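Trainee: Please read through the structure below; I'll follow up with questions.
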Amino acid sequence: MNHGFYHPERGYWQTITTPTPEQIAALPEGTVTVPLKPGADYDWDGTQWVHTPPDPVEALEQERAGMVASRFQAKAALSAAGLLDATEQAIAAADDFTKLAWGEAVEFRRNSPTIAALAAALELTPEQVDDLFRAAMQIEA
């Protein structure tokens with residue numbers, strides 16, 4: 001049976017077995033037994049778990065940091081959005097680094113300099129780039 005524990009400096013942890021009395025006695029001073037944490041967006045307030053939704057700006061930054069599309073996924077999403085030809089034209093006019101990245105990269109990351117350069121060349125908003133990545137990440141070859 002799982003058991004939850006909380007320490008003000010060490011945070012939350014849980015066990016997958018029932019701790020022995022010796023193990024309980026060895027816990028750091030100040031550790032309390034708590035109900036199992038209901039999810040990542042909860043904080044212990046001293047008496048109960050309180051839902052604390054993430055800041056929308058931070059959540060978007062985290063989402064963008066995790067957006068990765070393969071070369072195929074990126075090109076397929078651009079094609080579906082009617083942007084592949086314009087992207088190829090922007091690449092032809094781009095600096096050598098962007099050309100090399102477009103031609104050799106196995107995957108593209110949302111926050112990369114190449115994506116920023118292409119987005120600027122195509123006059124895409126950050127939200128449009130997000131939508132392209134979301135669409136790309138759903139594509140399977």
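Labeling convention for the structure tokens: chains A, B, ... as they appear, residues from 1 per chain, ligands from 1 in order of appearance.
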Skipping near chain neighbours, those fewer than 2 positions away, what residues fall within 12 Å of segment 98-108 of chain A using only C-alpha atoms, listed as number ranges by chain?

Mentor: A: 64-75, 87-96, 110-119, 121, 129, 132-133, 136-137

Trainee: Going by DSSP on the backbone, which residues of segment 26-87 of chain A come out as strand (DSSP E)? List them as a ChimeraX atom specification.

Mentor: /A:32-34,42-44,49-51,68-70

Trainee: Those selected residues, please, written with N, CA and C atoms and delivered as a JSON list (two decimals), in the first residue's frame.

Mentor:
```json
[["chain", "number", "residue", "atom", "x", "y", "z"],
["A", 32, "VAL", "N", 5.92, 14.54, 8.09],
["A", 32, "VAL", "CA", 4.56, 14.15, 8.47],
["A", 32, "VAL", "C", 3.99, 13.20, 7.43],
["A", 33, "THR", "N", 3.09, 12.34, 7.88],
["A", 33, "THR", "CA", 2.37, 11.46, 6.98],
["A", 33, "THR", "C", 1.24, 12.27, 6.37],
["A", 34, "VAL", "N", 1.10, 12.18, 5.04],
["A", 34, "VAL", "CA", 0.07, 12.94, 4.34],
["A", 34, "VAL", "C", -0.68, 12.02, 3.39],
["A", 42, "TYR", "N", -0.38, 20.24, -7.27],
["A", 42, "TYR", "CA", -0.89, 20.35, -5.90],
["A", 42, "TYR", "C", 0.25, 20.66, -4.96],
["A", 43, "ASP", "N", -0.03, 21.49, -3.96],
["A", 43, "ASP", "CA", 0.95, 21.84, -2.93],
["A", 43, "ASP", "C", 0.34, 21.54, -1.56],
["A", 44, "TRP", "N", 1.20, 21.11, -0.64],
["A", 44, "TRP", "CA", 0.77, 20.82, 0.72],
["A", 44, "TRP", "C", 0.73, 22.13, 1.50],
["A", 49, "TRP", "N", -3.87, 18.96, 0.55],
["A", 49, "TRP", "CA", -3.34, 19.28, -0.77],
["A", 49, "TRP", "C", -4.23, 20.33, -1.41],
["A", 50, "VAL", "N", -3.61, 21.38, -1.92],
["A", 50, "VAL", "CA", -4.33, 22.49, -2.55],
["A", 50, "VAL", "C", -3.92, 22.57, -4.01],
["A", 51, "HIS", "N", -4.92, 22.60, -4.88],
["A", 51, "HIS", "CA", -4.63, 22.68, -6.31],
["A", 51, "HIS", "C", -4.06, 24.06, -6.64],
["A", 68, "VAL", "N", 9.11, 19.17, -30.40],
["A", 68, "VAL", "CA", 10.13, 18.65, -31.31],
["A", 68, "VAL", "C", 9.40, 17.95, -32.46],
["A", 69, "ALA", "N", 9.84, 18.25, -33.68],
["A", 69, "ALA", "CA", 9.26, 17.61, -34.85],
["A", 69, "ALA", "C", 10.39, 17.05, -35.71],
["A", 70, "SER", "N", 10.16, 15.87, -36.24],
["A", 70, "SER", "CA", 11.15, 15.31, -37.17],
["A", 70, "SER", "C", 11.13, 16.13, -38.46]]
```

Trainee: Write out as number ranges by chain all residues of segment 14-43 of chain A that DSSP puts in alpha helix (DSSP H) for this structure's backbone.

Mentor: A: 21-25

Trainee: Just the residues within 12 Å of segment 21-25 of chain A, please, counting only C-alpha atoms, with nothing from its chain fewer than 5 positions along; format it as a list in words.

Mentor: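 Using only C-alpha atoms, the neighbours found are His3, Gly4, Phe5, Thr15, Gly30, Thr31, Val32 and Thr33 of chain A.
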
Trainee: Calculated over only C-alpha atoms, which of the candidates A:Met1, A:Glu58, A:Lys37, A:Ala76 has the smallest distance to Thr17 of chain A?

Mentor: A:Met1

Trainee: What is the atom CA of Leu124 of chain A to atom CA of Glu63 of chain A distance in Å?

Mentor: 18.2 Å
